[in-house]
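Okay, so here's the structure we're looking at.
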Amino acid sequence: MEEKNIIITTGDLKEDHEILDIVAIKEQTITHWKRQAERKSEETTLNKIKQELKCQCIKLGGDAIINCQIKYYGLGSSIHYLSVAGTIVKIKSKN
């Protein structure tokens with residue numbers, strides 16, 4: 001996949017942009033939040049999600065994913081899910 005600088009933000013962009021689509025990614029992480037080594041696993045999960053968001057954005061010809069919402073929720077004491085949803089946009093001033 002082509003390397004492109006994709007913006008991922010929980011806010012909006014100042015630049016004029018066109019909405020292309022929405023995107024949502026959910027990953028399971030088996031952890032207990034109090035343990036340091038397992039916190040790294042959650043960071044790895046978030047990085048994996050961000051990479052997948054970027055891939056989806058590139059496939060649609062977008063430049064950014066805006067208004068991202070990050071949710072973390074669990075089932076029981078050790079199975080947790082991390083999900084990120086946002087809006088893929090094309091910045092109008094870019095070629």
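Identifiers in this document derive from the order of the structure tokens: chains are assigned A, B, ..., residues are numbered from 1 separately in each chain, and ligands are numbered from 1 in order of occurrence.
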Nearby residues (only C-alpha atoms) at most 12 Å from A:Gln69, same-chain spacing under 3 positions excluded, as a list in words: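 In the requested form, the answer reads Ile8, Thr9, Thr10, Gly11, Asp12, Ile22, Val23, Ala24, Ile25, Lys26, Ile65, Ile66, Tyr72, Leu82, Ser83, Val84, Ala85, Gly86 and Thr87 of chain A.
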Residues as selected, N, CA and C atoms, written as an mmCIF file, in the first residue's frame, can you do that?
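So again-v9.cif came out as:
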data_model
loop_
_atom_site.group_PDB
_atom_site.id
_atom_site.type_symbol
_atom_site.label_atom_id
_atom_site.label_comp_id
_atom_site.auth_asym_id
_atom_site.auth_seq_id
_atom_site.Cartn_x
_atom_site.Cartn_y
_atom_site.Cartn_z
ATOM 1 N N ILE A 8 -5.262 11.551 11.443
ATOM 2 C CA ILE A 8 -6.300 10.921 12.274
ATOM 3 C C ILE A 8 -6.497 11.842 13.465
ATOM 4 N N THR A 9 -7.734 12.333 13.652
ATOM 5 C CA THR A 9 -7.988 13.294 14.721
ATOM 6 C C THR A 9 -9.359 13.069 15.359
ATOM 7 N N THR A 10 -9.455 13.427 16.629
ATOM 8 C CA THR A 10 -10.740 13.363 17.322
ATOM 9 C C THR A 10 -11.557 14.625 17.080
ATOM 10 N N GLY A 11 -10.953 15.598 16.404
ATOM 11 C CA GLY A 11 -11.638 16.857 16.105
ATOM 12 C C GLY A 11 -11.935 16.995 14.620
ATOM 13 N N ASP A 12 -12.200 18.223 14.220
ATOM 14 C CA ASP A 12 -12.490 18.547 12.830
ATOM 15 C C ASP A 12 -11.233 19.138 12.192
ATOM 16 N N ILE A 22 -17.849 6.828 6.243
ATOM 17 C CA ILE A 22 -17.520 6.587 7.647
ATOM 18 C C ILE A 22 -16.709 5.300 7.724
ATOM 19 N N VAL A 23 -15.969 5.153 8.798
ATOM 20 C CA VAL A 23 -15.168 3.947 8.999
ATOM 21 C C VAL A 23 -15.223 3.583 10.475
ATOM 22 N N ALA A 24 -15.231 2.285 10.762
ATOM 23 C CA ALA A 24 -15.211 1.803 12.144
ATOM 24 C C ALA A 24 -14.383 0.524 12.195
ATOM 25 N N ILE A 25 -13.493 0.457 13.141
ATOM 26 C CA ILE A 25 -12.623 -0.702 13.324
ATOM 27 C C ILE A 25 -12.730 -1.122 14.789
ATOM 28 N N LYS A 26 -12.862 -2.438 15.019
ATOM 29 C CA LYS A 26 -12.908 -2.968 16.385
ATOM 30 C C LYS A 26 -11.904 -4.112 16.494
ATOM 31 N N ILE A 65 -9.016 11.212 8.603
ATOM 32 C CA ILE A 65 -10.149 10.624 9.311
ATOM 33 C C ILE A 65 -10.405 11.556 10.479
ATOM 34 N N ILE A 66 -11.576 12.183 10.481
ATOM 35 C CA ILE A 66 -11.881 13.213 11.472
ATOM 36 C C ILE A 66 -12.974 12.750 12.432
ATOM 37 N N TYR A 72 -13.544 1.923 24.625
ATOM 38 C CA TYR A 72 -12.897 0.781 25.236
ATOM 39 C C TYR A 72 -13.923 0.129 26.143
ATOM 40 N N LEU A 82 -11.397 -2.621 21.830
ATOM 41 C CA LEU A 82 -11.074 -1.235 21.546
ATOM 42 C C LEU A 82 -11.648 -0.957 20.166
ATOM 43 N N SER A 83 -12.462 0.085 20.060
ATOM 44 C CA SER A 83 -13.031 0.422 18.755
ATOM 45 C C SER A 83 -12.831 1.912 18.481
ATOM 46 N N VAL A 84 -12.649 2.202 17.202
ATOM 47 C CA VAL A 84 -12.487 3.579 16.751
ATOM 48 C C VAL A 84 -13.389 3.765 15.537
ATOM 49 N N ALA A 85 -14.173 4.831 15.546
ATOM 50 C CA ALA A 85 -15.029 5.175 14.408
ATOM 51 C C ALA A 85 -14.780 6.633 14.055
ATOM 52 N N GLY A 86 -14.809 6.927 12.762
ATOM 53 C CA GLY A 86 -14.579 8.299 12.319
ATOM 54 C C GLY A 86 -15.108 8.523 10.915
ATOM 55 N N THR A 87 -14.854 9.706 10.393
ATOM 56 C CA THR A 87 -15.326 10.107 9.066
ATOM 57 C C THR A 87 -14.121 10.318 8.150
#
task: Would you kindly return, as a PyMOL selection string, each protein, DNA or RNA residue with an atom no farther than 8 Å from any atom of stretch 41-48 of chain A, considering only C-alpha atoms and excluding same-chain residues fewer than 6 positions away?
output: chain A and resi 27-29+31+82
Exercise: A:Glu15 partners within 10 Å, only C-alpha atoms, chain neighbours under 6 positions left out, as a short mmCIF file (atom, residue, chain, number, x, y, z; two decimals) with N, CA and C atoms, in the first residue's frame:
data_model
loop_
_atom_site.label_atom_id
_atom_site.label_comp_id
_atom_site.auth_asym_id
_atom_site.auth_seq_id
_atom_site.Cartn_x
_atom_site.Cartn_y
_atom_site.Cartn_z
N LYS A 90 -11.76 14.05 2.18
CA LYS A 90 -10.79 14.49 1.19
C LYS A 90 -10.65 16.00 1.35
N ILE A 91 -9.42 16.47 1.58
CA ILE A 91 -9.18 17.91 1.71
C ILE A 91 -9.24 18.51 0.32
N LYS A 92 -10.10 19.53 0.15
CA LYS A 92 -10.34 20.09 -1.17
C LYS A 92 -9.15 20.84 -1.74
N SER A 93 -8.31 21.42 -0.92
CA SER A 93 -7.17 22.20 -1.42
C SER A 93 -6.01 21.30 -1.86
N LYS A 94 -6.05 19.99 -1.52
CA LYS A 94 -5.00 19.06 -1.93
C LYS A 94 -5.33 18.51 -3.31
#
Would you mind writing down, as a compact mmCIF listing (two decimals) with N, CA and C atoms, in the first residue's frame, each residue of chain A that DSSP on the backbone assigns to alpha helix (DSSP H)?
# COMPACT_ATOMS: atom_id res chain seq x y z
N GLN A 36 1.42 -3.60 33.67
CA GLN A 36 2.21 -2.79 32.75
C GLN A 36 2.41 -3.48 31.39
N ALA A 37 2.78 -4.75 31.38
CA ALA A 37 3.05 -5.45 30.12
C ALA A 37 1.78 -5.51 29.27
N GLU A 38 0.64 -5.65 29.90
CA GLU A 38 -0.60 -5.75 29.15
C GLU A 38 -1.07 -4.39 28.65
N ARG A 39 -0.68 -3.32 29.32
CA ARG A 39 -0.97 -1.98 28.81
C ARG A 39 -0.29 -1.78 27.46
N LYS A 40 0.92 -2.32 27.31
CA LYS A 40 1.61 -2.25 26.03
C LYS A 40 0.81 -2.98 24.96
N SER A 41 0.15 -4.06 25.34
CA SER A 41 -0.69 -4.80 24.39
C SER A 41 -1.83 -3.91 23.90
N GLU A 42 -2.40 -3.09 24.78
CA GLU A 42 -3.46 -2.17 24.39
C GLU A 42 -2.93 -1.10 23.45
N GLU A 43 -1.71 -0.62 23.69
CA GLU A 43 -1.09 0.35 22.79
C GLU A 43 -0.86 -0.27 21.42
N THR A 44 -0.43 -1.53 21.39
CA THR A 44 -0.23 -2.25 20.14
C THR A 44 -1.56 -2.38 19.40
N THR A 45 -2.62 -2.68 20.13
CA THR A 45 -3.95 -2.79 19.52
C THR A 45 -4.37 -1.46 18.92
N LEU A 46 -4.16 -0.35 19.62
CA LEU A 46 -4.52 0.96 19.09
C LEU A 46 -3.70 1.27 17.83
N ASN A 47 -2.41 0.95 17.85
CA ASN A 47 -1.59 1.18 16.66
C ASN A 47 -2.07 0.34 15.47
N LYS A 48 -2.49 -0.88 15.73
CA LYS A 48 -3.04 -1.75 14.68
C LYS A 48 -4.31 -1.14 14.10
N ILE A 49 -5.17 -0.62 14.97
CA ILE A 49 -6.41 0.02 14.52
C ILE A 49 -6.09 1.26 13.68
N LYS A 50 -5.15 2.08 14.14
CA LYS A 50 -4.79 3.29 13.39
C LYS A 50 -4.26 2.93 11.99
N GLN A 51 -3.48 1.87 11.90
CA GLN A 51 -2.95 1.44 10.59
C GLN A 51 -4.09 1.00 9.68
N GLU A 52 -5.06 0.28 10.22
CA GLU A 52 -6.21 -0.16 9.41
C GLU A 52 -7.07 1.03 8.99
N LEU A 53 -7.24 2.01 9.87
CA LEU A 53 -7.97 3.22 9.51
C LEU A 53 -7.29 3.93 8.33
N LYS A 54 -5.96 4.04 8.40
CA LYS A 54 -5.21 4.67 7.32
C LYS A 54 -5.38 3.91 6.01
N CYS A 55 -5.34 2.58 6.06
CA CYS A 55 -5.52 1.77 4.86
C CYS A 55 -6.89 2.01 4.24
N GLN A 56 -7.93 2.06 5.06
CA GLN A 56 -9.29 2.30 4.56
C GLN A 56 -9.38 3.69 3.93
N CYS A 57 -8.75 4.67 4.55
CA CYS A 57 -8.76 6.04 4.05
C CYS A 57 -8.08 6.11 2.68
N ILE A 58 -6.92 5.48 2.55
CA ILE A 58 -6.19 5.47 1.28
C ILE A 58 -7.01 4.79 0.19
N LYS A 59 -7.66 3.68 0.51
CA LYS A 59 -8.49 2.96 -0.47
C LYS A 59 -9.58 3.85 -1.05
- line: Here atom CA of A:Lys14 and atom CA of A:Gly61 stand apart by 19.1 Å
task: For each of A:Val89, A:Asn5, A:His80, A:Ile19, take the minimum atom-to-atom distance to A:Ala64, counting only C-alpha atoms, then give the residue where this is smallest.
output: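 Closest to A:Ala64 of all the choices is A:Val89.
Note that atom CA of A:His17 and atom CA of A:Ile70 are 22.2 Å apart.
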- request: as a VMD selection string, please: all residues of stretch 9-94 of chain A that backbone DSSP puts in strand (DSSP E or B).
  value: chain A and resid 17 to 30 64 to 75 79 to 91
Proximity to A:Ile6 - best of A:Cys68, A:Glu18, A:Asp63, A:Ile79, only C-alpha atoms: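 Smallest separation from A:Ile6 among the options: A:Asp63.
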